[in-house]
$ cat my_file_29.txt   # compact mmCIF, C-alpha atoms and all ligand atoms
# COMPACT_ATOMS: atom_id res chain seq x y z
CA ALA A 1 79.64 111.91 67.00
CA LYS A 2 76.41 110.11 67.79
CA THR A 3 76.48 106.44 66.90
CA ASN A 4 73.89 103.72 67.25
CA ARG A 5 76.19 101.59 69.37
CA VAL A 6 75.18 101.46 73.03
CA ARG A 7 77.25 99.94 75.82
CA LEU A 8 75.25 98.25 78.56
CA ILE A 9 77.02 97.67 81.86
CA GLU A 10 75.41 94.76 83.70
CA VAL A 11 75.36 95.41 87.44
CA GLY A 12 73.11 92.51 88.52
CA PRO A 13 75.75 90.36 90.24
CA ARG A 14 76.73 93.35 92.42
CA ASP A 15 73.97 95.98 92.68
CA GLY A 16 71.34 93.32 92.03
CA LEU A 17 72.44 90.95 94.77
CA GLN A 18 74.12 93.13 97.42
CA ASN A 19 70.83 93.82 99.21
CA GLU A 20 69.58 90.22 99.40
CA LYS A 21 69.19 89.12 102.98
CA THR A 22 69.67 85.36 102.55
CA VAL A 23 73.16 84.32 101.56
CA ILE A 24 73.29 83.38 97.91
CA PRO A 25 75.72 80.48 97.31
CA LEU A 26 79.00 81.37 95.61
CA LYS A 27 78.20 78.79 92.94
CA THR A 28 74.99 80.67 92.00
CA LYS A 29 76.82 84.01 91.82
CA ILE A 30 79.49 82.55 89.56
CA GLU A 31 76.88 80.86 87.39
CA LEU A 32 75.03 84.18 87.06
CA ILE A 33 78.21 85.95 85.93
CA GLU A 34 79.05 83.20 83.45
CA ARG A 35 75.53 83.09 82.00
CA LEU A 36 75.54 86.88 81.60
CA ALA A 37 78.90 86.75 79.81
CA GLN A 38 77.29 84.49 77.21
CA THR A 39 74.51 86.92 76.31
CA GLY A 40 76.75 89.41 74.53
CA LEU A 41 77.23 91.71 77.53
CA ARG A 42 80.78 93.08 77.57
CA ASP A 43 80.79 94.79 80.96
CA ILE A 44 79.73 92.96 84.09
CA GLU A 45 80.00 94.27 87.63
CA ALA A 46 80.90 91.13 89.52
CA GLY A 47 81.46 92.03 93.17
CA SER A 48 82.44 94.49 95.81
CA PHE A 49 85.48 94.76 98.09
CA VAL A 50 83.58 96.45 100.92
CA SER A 51 83.11 95.72 104.61
CA PRO A 52 81.49 92.28 105.01
CA LYS A 53 80.02 93.59 108.26
CA TRP A 54 77.93 96.13 106.33
CA VAL A 55 77.29 94.21 103.12
CA PRO A 56 77.62 90.50 103.98
CA GLN A 57 76.29 89.38 100.59
CA MET A 58 79.45 90.66 98.87
CA ALA A 59 81.81 88.80 101.21
CA ALA A 60 82.76 86.21 98.57
CA SER A 61 84.01 88.79 96.05
CA SER A 62 87.61 87.66 96.37
CA GLU A 63 86.59 84.08 95.43
CA ILE A 64 84.62 85.44 92.48
CA LEU A 65 87.60 87.43 91.24
CA THR A 66 89.86 84.39 91.65
CA HIS A 67 87.40 82.26 89.67
CA ILE A 68 87.27 84.82 86.84
CA GLN A 69 91.07 84.97 86.72
CA ASN A 70 91.45 81.19 86.62
CA HIS A 71 88.93 80.40 83.94
CA PRO A 72 89.03 80.60 80.17
CA PRO A 73 86.71 83.13 78.51
CA GLN A 74 82.95 82.59 78.52
CA SER A 75 82.62 84.27 75.14
CA ASP A 76 84.79 85.19 72.15
CA ASN A 77 84.76 88.90 72.92
CA PRO A 78 86.67 90.20 75.92
CA VAL A 79 84.50 90.93 78.94
CA SER A 80 85.43 93.53 81.53
CA TYR A 81 84.56 92.59 85.12
CA ALA A 82 84.26 95.40 87.66
CA PHE A 83 84.59 95.30 91.45
CA LEU A 84 83.76 98.13 93.85
CA ALA A 85 86.57 99.31 96.12
CA PRO A 86 85.77 102.23 98.44
CA ASN A 87 89.10 102.65 100.24
CA THR A 88 92.70 101.43 100.42
CA LYS A 89 91.57 98.31 102.25
CA GLY A 90 89.28 97.42 99.34
CA LEU A 91 92.04 98.26 96.84
CA GLU A 92 94.58 96.12 98.69
CA ASN A 93 92.17 93.18 98.93
CA ALA A 94 91.47 93.42 95.20
CA LEU A 95 95.13 93.74 94.23
CA SER A 96 96.31 90.92 96.51
CA THR A 97 93.62 88.65 95.05
CA LEU A 98 94.86 89.55 91.57
CA ASP A 99 98.48 88.88 92.59
CA ALA A 100 97.55 85.50 94.02
CA SER A 101 95.59 84.45 90.93
CA PRO A 102 97.29 85.30 87.64
CA GLN A 103 95.01 85.45 84.63
CA ASN A 104 94.44 82.21 82.73
CA PRO A 105 96.63 82.48 79.61
CA ASP A 106 93.68 81.55 77.36
CA SER A 107 91.52 84.31 78.75
CA ASN A 108 91.14 87.81 77.34
CA HIS A 109 89.03 89.40 80.06
CA LYS A 110 89.84 92.64 81.87
CA ILE A 111 89.34 93.59 85.50
CA GLU A 112 88.30 97.05 86.57
CA LEU A 113 87.63 98.83 89.86
CA ALA A 114 84.88 101.23 90.86
CA VAL A 115 84.78 103.84 93.60
CA PHE A 116 81.48 105.33 94.75
CA ALA A 117 80.99 108.93 95.75
CA ALA A 118 77.67 110.65 96.42
CA ALA A 119 76.24 114.08 95.68
CA THR A 120 74.92 114.89 99.17
CA GLU A 121 76.60 115.03 102.58
CA SER A 122 73.91 112.99 104.34
CA PHE A 123 73.99 110.12 101.86
CA THR A 124 77.80 110.12 101.94
CA GLN A 125 77.67 109.82 105.74
CA LYS A 126 75.25 106.88 105.58
CA ASN A 127 76.97 105.04 102.73
CA LEU A 128 80.62 105.86 103.40
CA ASN A 129 80.71 107.04 106.98
CA CYS A 130 82.54 110.29 106.13
CA SER A 131 82.10 113.67 104.43
CA ILE A 132 82.22 114.21 100.65
CA ALA A 133 85.68 115.80 100.93
CA GLU A 134 87.01 112.90 103.01
CA SER A 135 85.49 110.38 100.61
CA LEU A 136 87.22 112.03 97.66
CA GLN A 137 90.55 111.81 99.48
CA LYS A 138 90.05 108.08 99.99
CA PHE A 139 89.06 107.59 96.35
CA GLU A 140 92.16 109.37 95.16
CA SER A 141 94.36 106.62 96.57
CA VAL A 142 92.08 103.91 95.16
CA ILE A 143 91.97 105.50 91.70
CA LYS A 144 95.73 106.13 91.60
CA GLY A 145 96.50 102.67 92.99
CA GLY A 146 94.15 101.02 90.51
CA LYS A 147 95.58 102.95 87.57
CA ALA A 148 99.14 102.17 88.71
CA ALA A 149 98.18 98.48 88.61
CA GLY A 150 96.96 98.93 85.03
CA LEU A 151 93.25 98.72 85.82
CA ARG A 152 90.44 100.81 84.42
CA VAL A 153 88.63 102.68 87.20
CA ARG A 154 85.05 103.91 87.08
CA ALA A 155 83.65 106.34 89.59
CA TYR A 156 80.05 106.36 90.68
CA ILE A 157 78.27 109.40 92.01
CA SER A 158 75.10 108.38 93.86
CA VAL A 159 71.87 110.29 94.52
CA VAL A 160 72.46 112.63 91.57
CA LEU A 161 68.74 113.14 90.89
CA GLY A 162 67.31 112.90 94.40
CA CYS A 163 68.43 111.82 97.85
CA PRO A 164 66.55 109.72 100.41
CA PHE A 165 67.57 112.23 103.10
CA GLU A 166 67.72 115.58 101.26
CA GLY A 167 64.94 114.99 98.73
CA TYR A 168 65.23 116.93 95.49
CA ASP A 169 67.77 119.25 97.04
CA VAL A 170 70.64 117.96 94.93
CA ASP A 171 72.61 120.55 93.00
CA PRO A 172 73.58 119.46 89.47
CA LYS A 173 76.58 121.83 89.70
CA LYS A 174 77.80 119.99 92.79
CA VAL A 175 77.49 116.69 90.89
CA ALA A 176 79.54 118.12 88.02
CA GLU A 177 82.13 119.46 90.47
CA ILE A 178 82.57 116.02 92.08
CA ALA A 179 82.74 114.46 88.62
CA CYS A 180 85.55 116.86 87.63
CA ASP A 181 87.47 116.01 90.82
CA LEU A 182 87.16 112.28 90.12
CA MET A 183 88.21 112.68 86.47
CA GLU A 184 91.22 114.74 87.56
CA MET A 185 92.23 111.94 89.91
CA GLY A 186 92.32 109.67 86.88
CA ALA A 187 88.89 108.01 86.77
CA ASP A 188 88.08 106.64 83.33
CA GLU A 189 84.31 107.00 83.56
CA ILE A 190 81.68 108.68 85.73
CA ALA A 191 78.56 106.64 86.49
CA LEU A 192 75.72 108.94 87.51
CA GLY A 193 73.50 107.04 89.94
CA ASP A 194 69.82 107.84 90.31
CA THR A 195 69.88 105.77 93.48
CA THR A 196 66.34 106.61 94.58
CA GLY A 197 64.74 106.57 91.13
CA MET A 198 63.47 110.12 91.81
CA GLY A 199 64.92 111.38 88.53
CA THR A 200 62.56 112.94 86.01
CA ALA A 201 63.07 113.93 82.39
CA PRO A 202 63.68 117.66 83.03
CA ARG A 203 66.02 116.95 85.94
CA THR A 204 67.98 114.45 83.88
CA ARG A 205 68.33 117.02 81.11
CA ASP A 206 69.52 119.69 83.60
CA LEU A 207 72.06 117.33 85.10
CA LEU A 208 73.52 116.44 81.71
CA LYS A 209 73.70 120.11 80.78
CA SER A 210 75.67 120.79 83.97
CA MET A 211 78.06 117.97 83.14
CA GLN A 212 78.52 119.39 79.66
CA ALA A 213 79.08 122.92 81.00
CA ALA A 214 81.78 121.51 83.29
CA GLY A 215 83.54 119.98 80.29
CA ILE A 216 82.83 116.30 81.02
CA LEU A 217 82.55 114.37 77.77
CA ASN A 218 79.48 112.26 77.01
CA GLU A 219 81.73 109.29 76.26
CA ASP A 220 83.04 109.46 79.85
CA ILE A 221 79.54 109.32 81.35
CA ALA A 222 77.39 106.29 82.14
CA MET A 223 73.85 106.64 83.45
CA HIS A 224 72.78 104.34 86.30
CA PHE A 225 69.00 104.44 86.64
CA HIS A 226 66.84 102.76 89.24
CA ASP A 227 63.21 102.26 88.21
CA THR A 228 61.55 102.95 91.57
CA TYR A 229 59.18 105.56 90.10
CA GLY A 230 58.98 103.94 86.67
CA GLN A 231 60.94 106.77 85.03
CA ALA A 232 64.11 104.90 84.08
CA LEU A 233 63.36 104.47 80.37
CA VAL A 234 62.10 108.03 80.02
CA ASN A 235 65.32 109.28 81.59
CA THR A 236 67.27 106.90 79.35
CA ALA A 237 65.59 108.42 76.28
CA ILE A 238 66.56 111.91 77.46
CA SER A 239 70.14 110.75 78.00
CA LEU A 240 70.31 109.14 74.54
CA GLU A 241 69.02 112.36 73.00
CA HIS A 242 71.81 114.20 74.82
CA GLY A 243 74.35 111.81 73.30
CA ILE A 244 75.04 109.41 76.18
CA ARG A 245 75.83 105.87 75.02
CA ASN A 246 76.74 104.05 78.28
CA PHE A 247 74.03 102.69 80.57
CA ASP A 248 73.98 100.48 83.65
CA SER A 249 71.22 97.91 84.06
CA SER A 250 70.49 94.79 86.06
CA VAL A 251 69.10 91.48 84.84
CA GLY A 252 65.57 90.80 86.12
CA GLY A 253 65.54 94.36 87.50
CA LEU A 254 67.23 93.05 90.63
CA GLY A 255 68.73 95.43 93.11
CA GLY A 256 68.53 98.30 95.50
CA CYS A 257 70.97 100.10 97.71
CA PRO A 258 71.22 99.12 101.39
CA TYR A 259 71.62 102.81 102.29
CA SER A 260 68.63 104.04 100.31
CA PRO A 261 65.46 102.99 102.16
CA GLY A 262 62.71 101.75 99.84
CA ALA A 263 64.88 101.87 96.73
CA THR A 264 63.87 99.16 94.30
CA GLY A 265 65.84 97.57 91.56
CA ASN A 266 67.89 98.96 88.77
CA VAL A 267 66.30 99.35 85.39
CA SER A 268 66.29 95.84 83.96
CA THR A 269 68.71 94.75 81.27
CA GLU A 270 65.85 93.09 79.39
CA ASP A 271 63.88 96.38 79.23
CA MET A 272 67.01 98.27 78.16
CA VAL A 273 67.87 95.84 75.35
CA TYR A 274 64.27 95.82 74.10
CA PHE A 275 64.07 99.62 74.24
CA MET A 276 67.39 100.12 72.45
CA GLU A 277 66.38 97.64 69.73
CA SER A 278 63.08 99.47 69.24
CA LEU A 279 65.11 102.63 68.57
CA GLY A 280 67.41 100.87 66.12
CA MET A 281 70.33 101.04 68.56
CA ASP A 282 72.82 98.21 68.81
CA THR A 283 73.64 96.75 72.25
CA GLY A 284 75.25 93.53 71.02
CA VAL A 285 73.12 91.69 73.57
CA ASP A 286 70.87 88.75 72.72
CA LEU A 287 67.45 89.68 74.17
CA ASP A 288 66.14 86.09 74.40
CA ALA A 289 69.31 85.00 76.15
CA VAL A 290 69.18 87.77 78.73
CA VAL A 291 65.45 87.14 79.34
CA ALA A 292 66.32 83.50 80.06
CA VAL A 293 69.01 84.54 82.56
CA GLY A 294 66.51 86.86 84.29
CA ASP A 295 64.01 83.99 84.52
CA TRP A 296 66.64 81.63 85.90
CA ILE A 297 68.20 83.96 88.54
CA THR A 298 64.88 85.29 89.89
CA ARG A 299 63.64 81.71 90.39
CA GLU A 300 66.99 80.66 91.84
CA ILE A 301 66.92 83.35 94.55
CA GLY A 302 63.12 83.33 94.98
CA LYS A 303 62.51 86.91 93.84
CA ALA A 304 59.81 88.28 91.55
CA ASN A 305 61.06 89.06 88.08
CA SER A 306 60.69 92.83 87.90
CA SER A 307 61.50 93.24 84.22
CA SER A 308 58.37 94.18 82.25
CA VAL A 309 59.89 92.88 79.03
CA GLY A 310 61.14 89.75 80.77
CA LYS A 311 57.69 88.98 82.18
CA ALA A 312 55.95 89.71 78.87
CA MET A 313 58.28 87.49 76.88
CA LEU A 314 58.05 84.69 79.44
CA GLY A 315 54.26 84.96 79.68
CA ARG A 316 54.50 85.46 83.44
P1 LIG A 401 85.49 102.36 107.70
O1 LIG A 401 85.79 103.79 107.46
O2 LIG A 401 86.63 101.45 107.97
O3 LIG A 401 84.46 102.34 108.90
O4 LIG A 401 84.72 101.81 106.43
P2 LIG A 401 83.43 101.21 109.40
O5 LIG A 401 83.10 101.47 110.81
O6 LIG A 401 82.25 101.16 108.50
O7 LIG A 401 84.27 99.85 109.30
C1 LIG A 401 83.64 98.66 109.63
C2 LIG A 401 84.60 97.48 109.48
O8 LIG A 401 84.78 97.25 108.08
C3 LIG A 401 86.00 97.65 110.04
O9 LIG A 401 86.38 96.39 110.52
C4 LIG A 401 86.82 97.97 108.83
O10 LIG A 401 88.17 97.61 108.94
C5 LIG A 401 86.17 97.14 107.78
P3 LIG A 401 86.42 96.06 112.11
O11 LIG A 401 87.45 96.97 112.66
O12 LIG A 401 85.03 96.40 112.60
O13 LIG A 401 86.73 94.61 112.15
N1 LIG A 401 86.38 97.61 106.40
C6 LIG A 401 86.52 96.79 105.35
N2 LIG A 401 86.54 95.46 105.22
C7 LIG A 401 86.73 94.95 104.00
N3 LIG A 401 86.87 95.71 102.87
C8 LIG A 401 86.86 97.06 102.96
C9 LIG A 401 86.67 97.64 104.24
N4 LIG A 401 86.61 98.92 104.66
C10 LIG A 401 86.42 98.89 105.98
N5 LIG A 401 87.00 97.80 101.86
C11 LIG A 401 83.25 101.84 104.52
C12 LIG A 401 83.82 102.60 105.72
C13 LIG A 401 82.27 102.75 103.84
C14 LIG A 401 84.35 101.46 103.57
C15 LIG A 401 82.54 100.58 105.03
O14 LIG A 401 81.58 100.95 105.96
C16 LIG A 401 81.84 99.83 103.91
O15 LIG A 401 82.46 99.04 103.20
N6 LIG A 401 80.50 100.03 103.73
C17 LIG A 401 79.70 99.44 102.68
C18 LIG A 401 79.36 100.47 101.61
C19 LIG A 401 78.63 99.81 100.44
O16 LIG A 401 79.00 98.75 99.99
N7 LIG A 401 77.55 100.46 99.90
C20 LIG A 401 76.79 99.92 98.82
C21 LIG A 401 77.44 100.14 97.49
S1 LIG A 401 77.15 101.76 96.81
C22 LIG A 401 75.69 101.59 95.89
O17 LIG A 401 75.06 100.57 95.93
C23 LIG A 401 75.28 102.72 94.97
C24 LIG A 401 75.57 102.42 93.49
O18 LIG A 401 74.87 101.27 93.05
C25 LIG A 401 75.18 103.61 92.64
C26 LIG A 401 73.77 104.10 92.87
O19 LIG A 401 72.79 103.36 92.68
O20 LIG A 401 73.69 105.26 93.26
C27 LIG A 401 77.07 102.16 93.29
MG MG A 402 72.74 101.28 92.29
$ encode --input "my_file_29.txt" --output "C-alpha cells" --more "lines below"
Ligand code: HMG
Ligand code: MG
Amino acid sequence: AKTNRVRLIEVGPRDGLQNEKTVIPLKTKIELIERLAQTGLRDIEAGSFVSPKWVPQMAASSEILTHIQNHPPQSDNPVSYAFLAPNTKGLENALSTLDASPQNPDSNHKIELAVFAAATESFTQKNLNCSIAESLQKFESVIKGGKAAGLRVRAYISVVLGCPFEGYDVDPKKVAEIACDLMEMGADEIALGDTTGMGTAPRTRDLLKSMQAAGILNEDIAMHFHDTYGQALVNTAISLEHGIRNFDSSVGGLGGCPYSPGATGNVSTEDMVYFMESLGMDTGVDLDAVVAVGDWITREIGKANSSSVGKAMLGR
C-alpha cells in the first residue's frame, strides 16, 4: 500500500565526505553525525570499512563506530548507523570494533552494514578490483557474516542508470538480476545508485519496472540519486509514483564517488525534505534544522553549499 511516509537515508558523513582531499578531523565527522541525528533523520550512513590506501578519508571509521557505541542517544527515536564493508576484511574490522565497544546501555541505536555491487563490469573493476561475479562472492560472506552477527545489511548497486565507462549501456535486467542475487544472499534492502547522475525519467521508470518484473518489492528498494545533471528530483518523483518510499540523500548536496570521474554530489537532503513536504509526504525531518547542518558543514570543510533549498533558505 502507498503511504505518505518517506524514509530518508542520510549518506553525507560517508558518500558526502569520502571524496574530500583534505583530511577532515574526526571531531568534525562525529559532530556532523550527531547534528544530523538531531534533525529527525533515522538512518545515517556514518563510515566505511574500506582500504585506507584507496579512500583515506574513511580511515577513522572504526573510531566513529566506537564513539557511536559508547554514547547515549542523540534523539529519542532510535537511529540506525550504516557502515560500508566490501569484503571479509571490512566485515572483520567492523565486527571486531563492535566486540571491543559494547553499546552504551542507555542507547537504542542500531548498526548496519552495506555492501556495494555495480551493474557494469568496467565500473566493478575500477571500484572493486574484480568482476561482478567475484564481487558477489565476496558480498555473500559479508552479508551472511553481518546477518549472523544480528546486523541489518543493505546492498548497493552502482551505475544503474549510466556508467562513466560504458555510458547508457546498462541493462535494467542485469541490475534486477544482481538485485535478486543479493536478496537471496540475505540483503535486507537494495539501494539503486545513479552514481553518474545520468538517470532520466524514462530510464528510471524502466529500471523500476524491471525490478518489479523480477519480483523485488518496492519496500526493499531505496533510490540513491546523484544530481550531476539536475535530474535527481524528477527521478525521485517517478520513483514515488512507482511506490518507492526509501531515498538516499546527502546534507548540503555533498559527495561524489572517487571511481566516477566528474560525479558531483548526491541529491541534497534539504531539497528532498522540501520536495517531500510540498507533496504532502512525511519525512519526519525538520527542514530548518537540516538546512542549518548543511550551512555549518559546508563552511566547516570549505565547500560550496550545493543544496538549492539550503541556499534559498539561507539567502546565500
Ligand atoms: P583488495 O582486493 O584487497 O585489493 O581490495 P587492493 O589492491 O585494492 O588492496 C589494497 C590494500 O587494501 C591491501 O593492503 C588490502 O589488504 C587492503 P596492502 O596489502 O596494500 O597493505 N584492504 C583493506 N583495508 C581495510 N579494509 C578493507 C580492505 N580491503 C582491502 N575492507 C577493495 C579491494 C575494493 C576492497 C579495496 O580496493 C577498497 O577498499 N577500495 C575502496 C572502494 C570504495 O570505497 N569505493 C567507494 C564507495 S562505493 C560508492 O561510493 C558508490 C555508492 O555511493 C553508490 C553510488 O553512488 O553508486 C555506494
Ligand atoms: Mg553515491
$ residues_near_ligand --input "my_file_29.txt" --ligand "ligand LIG 401 (chain A)" --cutoff "7 Å" --atoms "all atoms listed in the file" --output "PyMOL selection string"
chain A and resi 15+48-55+85-90+116+127-129+156-159+193-195+224+226+256-259
$ residues_around --input "my_file_29.txt" --residues "A:Val170" --least-positions-apart "3" --cutoff "8 Å" --atoms "only C-alpha atoms" --output "PyMOL selection string"
chain A and resi 119-120+159-163+166-167+174
$ closest_residue --input "my_file_29.txt" --among "A:Asp282, A:Asp206, A:Glu270, A:Glu10" --to "A:Ser239" --atoms "only C-alpha atoms"
A:Asp206
$ atom_distance --input "my_file_29.txt" --atom1 "atom CA of A:Thr228" --atom2 "atom CA of A:Glu31"
27.2 Å
$ axis_aligned_box --input "my_file_29.txt" --around "stretch 38-53 of chain A" --padding-each-side "3 Å" --output "AutoDock Vina command-line options"
--center_x 80.0 --center_y 90.5 --center_z 91.4 --size_x 17.0 --size_y 18.0 --size_z 39.7
$ residues_around --input "my_file_29.txt" --residues "A:Gly253" --least-positions-apart "2" --cutoff "6 Å" --atoms "all atoms listed in the file" --output "PyMOL selection string"
chain A and resi 250-251+265-268+306-307
$ atom_distance --input "my_file_29.txt" --atom1 "atom CA of A:Gly197" --atom2 "atom CA of A:Ile44"
21.4 Å
$ closest_residue --input "my_file_29.txt" --among "A:Asp295, A:Asp248, A:Glu92, A:Asp271" --to "ligand MG 402 (chain A)" --atoms "all atoms listed in the file"
A:Asp248
$ atom_distance --input "my_file_29.txt" --atom1 "atom CA of A:Glu140" --atom2 "atom CA of A:Glu121"
18.1 Å
$ closest_residue --input "my_file_29.txt" --among "A:Ala155, A:Met276, A:Ala232, A:Met198" --to "A:Tyr168" --atoms "only C-alpha atoms"
A:Met198
$ closest_residue --input "my_file_29.txt" --among "A:Ala292, A:Ala118, A:Leu217, A:Leu233" --to "ligand MG 402 (chain A)" --atoms "all atoms listed in the file"
A:Ala118
$ closest_residue --input "my_file_29.txt" --among "A:Glu277, A:Glu34, A:Glu45, A:Asp181" --to "ligand MG 402 (chain A)" --atoms "only C-alpha atoms and all ligand atoms"
A:Glu45
$ closest_residue --input "my_file_29.txt" --among "A:Thr196, A:Gln57, A:Ser62, A:Gln103" --to "ligand MG 402 (chain A)" --atoms "all atoms listed in the file"
A:Thr196
$ residues_around --input "my_file_29.txt" --residues "A:His67" --least-positions-apart "5" --cutoff "10 Å" --atoms "only C-alpha atoms" --output "ChimeraX atom specification"
/A:30,61-62,72,101,103-104
$ decode --input "my_file_29.txt" --residues "stretch 81-112 of chain A" --atoms "C-alpha atoms" --output "PDB file, in the first residue's frame"
ATOM      1  CA  TYR A  81      24.012   3.924  11.566  1.00  0.00           C
ATOM      2  CA  ALA A  82      25.374   2.186   8.471  1.00  0.00           C
ATOM      3  CA  PHE A  83      28.968   1.370   7.525  1.00  0.00           C
ATOM      4  CA  LEU A  84      30.172   0.086   4.156  1.00  0.00           C
ATOM      5  CA  ALA A  85      32.045  -3.221   4.172  1.00  0.00           C
ATOM      6  CA  PRO A  86      33.130  -4.579   0.776  1.00  0.00           C
ATOM      7  CA  ASN A  87      34.869  -7.809   1.812  1.00  0.00           C
ATOM      8  CA  THR A  88      35.677 -10.086   4.757  1.00  0.00           C
ATOM      9  CA  LYS A  89      38.419  -7.708   5.864  1.00  0.00           C
ATOM     10  CA  GLY A  90      35.872  -4.887   6.135  1.00  0.00           C
ATOM     11  CA  LEU A  91      33.411  -7.197   7.896  1.00  0.00           C
ATOM     12  CA  GLU A  92      36.044  -8.360  10.385  1.00  0.00           C
ATOM     13  CA  ASN A  93      37.154  -4.799  11.114  1.00  0.00           C
ATOM     14  CA  ALA A  94      33.546  -3.764  11.725  1.00  0.00           C
ATOM     15  CA  LEU A  95      32.739  -6.768  13.917  1.00  0.00           C
ATOM     16  CA  SER A  96      35.933  -6.514  15.979  1.00  0.00           C
ATOM     17  CA  THR A  97      35.208  -2.823  16.599  1.00  0.00           C
ATOM     18  CA  LEU A  98      31.714  -3.781  17.751  1.00  0.00           C
ATOM     19  CA  ASP A  99      33.120  -6.516  20.022  1.00  0.00           C
ATOM     20  CA  ALA A 100      35.584  -4.095  21.563  1.00  0.00           C
ATOM     21  CA  SER A 101      32.958  -1.421  22.205  1.00  0.00           C
ATOM     22  CA  PRO A 102      29.684  -2.752  23.594  1.00  0.00           C
ATOM     23  CA  GLN A 103      26.683  -0.498  23.127  1.00  0.00           C
ATOM     24  CA  ASN A 104      26.014   2.079  25.833  1.00  0.00           C
ATOM     25  CA  PRO A 105      23.129   0.640  27.892  1.00  0.00           C
ATOM     26  CA  ASP A 106      21.180   3.925  27.605  1.00  0.00           C
ATOM     27  CA  SER A 107      21.378   3.911  23.840  1.00  0.00           C
ATOM     28  CA  ASN A 108      18.810   2.482  21.444  1.00  0.00           C
ATOM     29  CA  HIS A 109      20.671   2.875  18.162  1.00  0.00           C
ATOM     30  CA  LYS A 110      21.268   0.120  15.619  1.00  0.00           C
ATOM     31  CA  ILE A 111      24.294  -0.588  13.456  1.00  0.00           C
ATOM     32  CA  GLU A 112      24.022  -1.848   9.916  1.00  0.00           C
TER      33      GLU A 112
END
